[in-house]
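Input: a single structure, listed below in structure tokens.
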Amino acid sequence: MMEKFDLVILGSGSTAFAAALRAAELGKTAVMTESRQLGGTCVNRGCLPSKNLIEAARIIWEAQHPRYPGLRPAKIEFDFKELIRQKGAVIHDYRDRKYNSIVEDADEIKVYNGHAGFVDEHTVAVDGRLLPGDHFLIATGSRPVVPMIEGLDRVPYLTSDLLTTDEQQELFELPKSLIIVGGGYIALELGQMFHRFGSQVTILERNHTILKNYEPEVSLALAEALREEGVNLVTEVQVQRVFQEDNETVVVGQGDGAEQRFRAERLLVATGRIPNTDNIGVERVRVELDGRGFVKVSDELQTNVPYVWAAGDVIGGHTGSQLATPVGAHDGGIAAVNALNGERRKVNHAVVPRTIFTDPQVAVVGLTDAEANAWGHRCWCNTIPVKLVPRAGAIHETRGIAKMVIDVDTNKVLGVSLVMRDAGEVIHEAAMGLRLGATIHDFIDLLHVYPTMAEALKIVAISRYKDPEKLSCCAE
Ligand SMILES: Cc1cc2nc3c(=O)[nH]c(=O)nc-3n(C[C@H](O)[C@H](O)[C@H](O)COP(=O)(O)OP(=O)(O)OC[C@H]3O[C@@H](n4cnc5c(N)ncnc54)[C@H](O)[C@@H]3O)c2cc1C
């Protein structure tokens with residue numbers, strides 16, 4: 001007899017895993033399905049490999065560009081293919097320990113490989129195998145968007161899938177030169193990384209600034225840092241067509257009222273992500289998608305079909321969600337308890353800290369100044385240069401800014417944006433503050449370890465009352 005599951009999950013990424021594990025904890029049966037590699041984007045071709053290689057590039061770069069007078073530049077010889085090989089080893093290790101062995105140890109969880117799609121209202125099929133279920137979770141994630149650019153179908157191009165392992169999209173040769181179309185976080189992380197490995201990198205952004213949904217001070221500070229180290233960051237250029245000439249890709253854009261041409265050995269397209277919902281048979285269950293294909297959900301992660309749930313990248317910005325691993329890994333569990341335990345837990349996406357792993361890092365949480373105003377808050381906000389943070393001066397790492405947005409009626413901190421070394425670590429203090437409803441005085445009164453980059457939060461808070469340029473060391 002055909003096995004029926006309590007929860008049938010389309011996908012096997014972090015979101016799917018969270019749901020399957022929660023289902024098992026509840027004593028229910030769950031099945032995950034996977035058309036590529038177990039574990040999804042993050043472990044196989046996203047967070048893990050990118051952060052692995054970005055750190056290697058940082059080591060190489062810092063050796064060649066010491067910040068301290070008295071340290072002489074040293075050239076680290078490196079073997080790109082060997083770096084790629086070790087990246088593969090790290091992925092295999094994580095996949096084995098954090099994904100394969102977890103499902104092997106859980107009797108209630110099954111995984112079937114192959115493309116999954118609804119064949120009728122209560123059944124998903126994977127390569128001909130039918131998986132009937134009581135509840136379904138769509139956790140198929142997202143993939144790189146392929147923009148409509150004339151000629152793109154006739155030239156070889158890379159996407160962020162270049163970070164994958166054991167798949168044909170993997171990149172083994174370091175390009176001498178690289179054009180990146182797009183100015184979002186993936187473009188910037190990979191752009192700086194390739195630049196630091198030695199590629200000549202040009203990043204083409206159509207807007208007048210990179211990171212358009214961030215605080216303007218953030219975009220400015222990061223653009224300055226990237227340009228200072230030699231990344232050719234070109235803004236306000238609309239890419240119109242591409243073609244191949246003499247073993248190079250030529251990108252033709254329109255900017256400043258004139259045609260601009262860029263050429264490089266390789267082209268990387270990093271213009272965003274689209275949800276994997278176009279070929280999973282959602283029409284057979286009549287699950288509603290938005291205009292871009294993301295699944296519409298309530299704040300309980302329920303779709304318009306009561307027994308079909310969705311979470312992770314595939315819901316895009318619905319419920320204020322973000323395309324980031326911890327969000328899906330948190331929400332997958334909520335979808336599972338709501339589906340299987342009859343709970344009505346709501347997601348809370350008000351406090352989602354995010355980091356861009358450039359150097360300096362960008363880390364943000366909460367509302368930007370513009371968002372806070374749009375929500376009707378009466379705001380105070382201020383930005384300080386990171387050079388005011390004692391540790392920054394002490395270690396010759398003064399690039400960046402810290403910005404805080406508060407509600408003047410309640411003194412509650414609404415948002416923090418950081419561009420600085422270790423911003424991705426420091427942002428957690430701000431995130432916890434926002435979660436607990438901290439006021440600006442909580443950030444001022446909290447004793448901070450001296451000298452740390454986290455003091456940026458205290459100093460930007462103090463700047464509401466005093467000139468931060470005139471503070472003595474760690475005195476308030
Ligand atoms: C280059 C890069 C760097 C990133 N860096 C970070 C970072 O540093 N920090 C961070 O938090 N996030 C990062 N992300 C984002 C993060 O990887 C995603 O937000 C996260 O992986 C989404 O998890 P998910 O489970 O929703 O989807 P996914 O992990 O994409 O999992 C969905 C799975 O479903 C499979 N699938 C799709 N369709 C089907 C089908 N029809 N049948 C069967 N299987 C199917 C897919 O193959 C995939 O394995 C990065 C992403 C990229 C691309």
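Simple scheme: letters A, B, ... for chains in structure tokens order, numbers from 1 for residues in each chain, numbers from 1 for ligands in the order shown.
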Selection near region 238-242 of chain A, 12 Å with only C-alpha atoms, sequence-local residues under 6 positions removed, as an MDAnalysis selection string: chainID A and resid 147:157 179:183 203:208 248:264 266:269 271
Tell me, which residues of region 65-311 of chain A carry DSSP strand (DSSP E), written as a PyMOL selection string? chain A and resi 109-113+116-120+123-126+129-138+142-144+177-181+200-204+232-234+238-245+248-255+258-264+266-269+273-275+308-310
Got time to write the residues from that selection, C-alpha atoms, as a CSV table (one decimal), in the first residue's frame?
chain,number,residue,atom,x,y,z
A,109,ILE,CA,12.1,11.4,8.0
A,110,LYS,CA,12.5,10.1,4.4
A,111,VAL,CA,14.2,11.8,1.5
A,112,TYR,CA,13.5,11.1,-2.1
A,113,ASN,CA,15.7,12.5,-4.9
A,116,ALA,CA,8.9,17.0,-7.1
A,117,GLY,CA,5.5,18.5,-8.2
A,118,PHE,CA,1.9,18.2,-7.3
A,119,VAL,CA,0.0,15.7,-9.5
A,120,ASP,CA,-3.3,16.2,-7.7
A,123,THR,CA,-0.3,14.0,-3.9
A,124,VAL,CA,3.2,15.0,-4.9
A,125,ALA,CA,5.2,12.9,-7.3
A,126,VAL,CA,9.0,12.5,-7.5
A,129,ARG,CA,6.9,7.9,-7.0
A,130,LEU,CA,3.7,9.1,-5.5
A,131,LEU,CA,3.8,10.8,-2.1
A,132,PRO,CA,0.3,11.4,-0.7
A,133,GLY,CA,0.1,13.6,2.4
A,134,ASP,CA,-2.1,15.3,4.8
A,135,HIS,CA,-0.1,18.5,4.7
A,136,PHE,CA,2.4,19.9,2.3
A,137,LEU,CA,5.1,22.4,2.7
A,138,ILE,CA,6.5,24.3,-0.3
A,142,SER,CA,15.0,30.3,-5.2
A,143,ARG,CA,17.5,30.3,-8.0
A,144,PRO,CA,19.4,33.1,-9.9
A,177,SER,CA,38.8,39.7,-15.7
A,178,LEU,CA,35.2,39.6,-14.7
A,179,ILE,CA,32.2,41.7,-15.3
A,180,ILE,CA,29.4,41.4,-12.8
A,181,VAL,CA,25.9,42.6,-13.7
A,200,GLN,CA,40.1,42.7,-12.6
A,201,VAL,CA,36.5,43.2,-11.5
A,202,THR,CA,33.9,45.5,-12.9
A,203,ILE,CA,30.5,45.7,-11.2
A,204,LEU,CA,27.7,47.2,-13.2
A,232,ASN,CA,35.6,49.1,-10.8
A,233,LEU,CA,32.1,49.9,-9.5
A,234,VAL,CA,30.0,51.6,-12.2
A,238,GLN,CA,21.7,50.0,-18.0
A,239,VAL,CA,23.0,46.8,-19.6
A,240,GLN,CA,21.5,46.4,-23.0
A,241,ARG,CA,23.2,43.7,-24.9
A,242,VAL,CA,26.1,41.3,-24.7
A,243,PHE,CA,28.2,39.5,-27.3
A,244,GLN,CA,31.3,37.5,-27.6
A,245,GLU,CA,34.5,38.8,-29.3
A,248,GLU,CA,36.0,37.9,-24.3
A,249,THR,CA,32.5,38.9,-23.4
A,250,VAL,CA,31.5,42.5,-24.3
A,251,VAL,CA,28.8,44.1,-22.3
A,252,VAL,CA,27.1,47.1,-23.9
A,253,GLY,CA,25.3,49.5,-21.6
A,254,GLN,CA,23.7,52.9,-21.6
A,255,GLY,CA,24.9,55.4,-19.0
A,258,ALA,CA,26.0,57.6,-23.9
A,259,GLU,CA,26.8,54.0,-24.8
A,260,GLN,CA,29.4,52.4,-22.6
A,261,ARG,CA,31.3,49.2,-23.4
A,262,PHE,CA,33.0,46.8,-20.9
A,263,ARG,CA,34.9,43.6,-21.8
A,264,ALA,CA,36.2,40.8,-19.7
A,266,ARG,CA,34.1,36.1,-17.9
A,267,LEU,CA,30.6,37.5,-17.2
A,268,LEU,CA,28.8,36.9,-13.9
A,269,VAL,CA,25.1,37.6,-13.8
A,273,ARG,CA,16.7,35.5,-7.3
A,274,ILE,CA,13.4,34.0,-8.5
A,275,PRO,CA,11.3,31.4,-6.6
A,308,VAL,CA,-0.5,23.7,2.0
A,309,TRP,CA,2.1,25.8,3.7
A,310,ALA,CA,5.2,27.6,2.4
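The gap separating atom 27 (O, counted along the ligand's line) of ligand 1 from CA of Arg286 (chain A) is 21.5 Å, in Å to one decimal.
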Neighbours of region 190-197 of chain A within 10 Å (only C-alpha atoms; same-chain residues fewer than 2 positions away dropped), as a PyMOL selection string? chain A and resi 50-51+53-62+64+78+80+160+163+174-180+183+185-188+199-203+226-227+229-233+268+270+357-359
Keeping C-alpha atoms, export the residues of the selection given above as a short mmCIF file (atom, residue, chain, number, x, y, z; two decimals), in the first residue's frame.
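Once written, out_23.cif looks like this:
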data_model
loop_
_atom_site.label_atom_id
_atom_site.label_comp_id
_atom_site.auth_asym_id
_atom_site.auth_seq_id
_atom_site.Cartn_x
_atom_site.Cartn_y
_atom_site.Cartn_z
CA SER A 50 30.97 31.90 -0.37
CA LYS A 51 32.12 32.59 3.18
CA LEU A 53 36.34 31.55 -0.22
CA ILE A 54 35.78 35.15 0.91
CA GLU A 55 37.90 34.47 3.99
CA ALA A 56 40.69 32.94 1.86
CA ALA A 57 40.63 36.04 -0.35
CA ARG A 58 40.81 38.27 2.74
CA ILE A 59 43.91 36.48 3.99
CA ILE A 60 45.61 36.96 0.62
CA TRP A 61 44.56 40.60 0.38
CA GLU A 62 45.57 41.59 3.91
CA GLN A 64 49.51 42.15 0.35
CA PHE A 78 47.97 30.36 -3.96
CA PHE A 80 42.96 28.53 -7.06
CA SER A 160 26.25 32.44 -8.13
CA LEU A 163 30.15 28.23 -5.91
CA LEU A 174 40.18 32.13 -11.76
CA PRO A 175 39.08 34.62 -14.45
CA LYS A 176 41.67 37.25 -15.39
CA SER A 177 38.85 39.73 -15.67
CA LEU A 178 35.22 39.59 -14.66
CA ILE A 179 32.17 41.74 -15.31
CA ILE A 180 29.38 41.40 -12.80
CA GLY A 183 24.89 45.50 -7.41
CA TYR A 185 24.83 41.61 -1.88
CA ILE A 186 25.86 38.55 -3.90
CA ALA A 187 27.43 40.73 -6.60
CA LEU A 188 29.34 42.74 -3.99
CA SER A 199 40.73 39.22 -11.15
CA GLN A 200 40.06 42.65 -12.64
CA VAL A 201 36.50 43.19 -11.52
CA THR A 202 33.89 45.54 -12.93
CA ILE A 203 30.51 45.69 -11.22
CA LEU A 226 35.28 48.89 -2.68
CA ARG A 227 36.48 51.63 -5.02
CA GLU A 229 40.71 48.97 -3.02
CA GLY A 230 40.36 48.97 -6.78
CA VAL A 231 37.02 47.40 -7.67
CA ASN A 232 35.64 49.14 -10.75
CA LEU A 233 32.14 49.90 -9.52
CA LEU A 268 28.75 36.88 -13.91
CA ALA A 270 23.90 38.46 -10.27
CA PHE A 357 30.16 39.62 4.07
CA THR A 358 32.17 42.25 2.28
CA ASP A 359 35.16 43.84 3.99
#
I'd like to know which of A:Lys87, A:Arg354, A:His65, A:Lys81 is closest to ligand 1, using only C-alpha atoms and all ligand atoms. A:Arg354
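Using only C-alpha atoms and all ligand atoms for every distance, the candidate list A:Gly424, A:Gly272, A:Gly128, A:Gly328 yields A:Gly328 as the residue closest to ligand 1.
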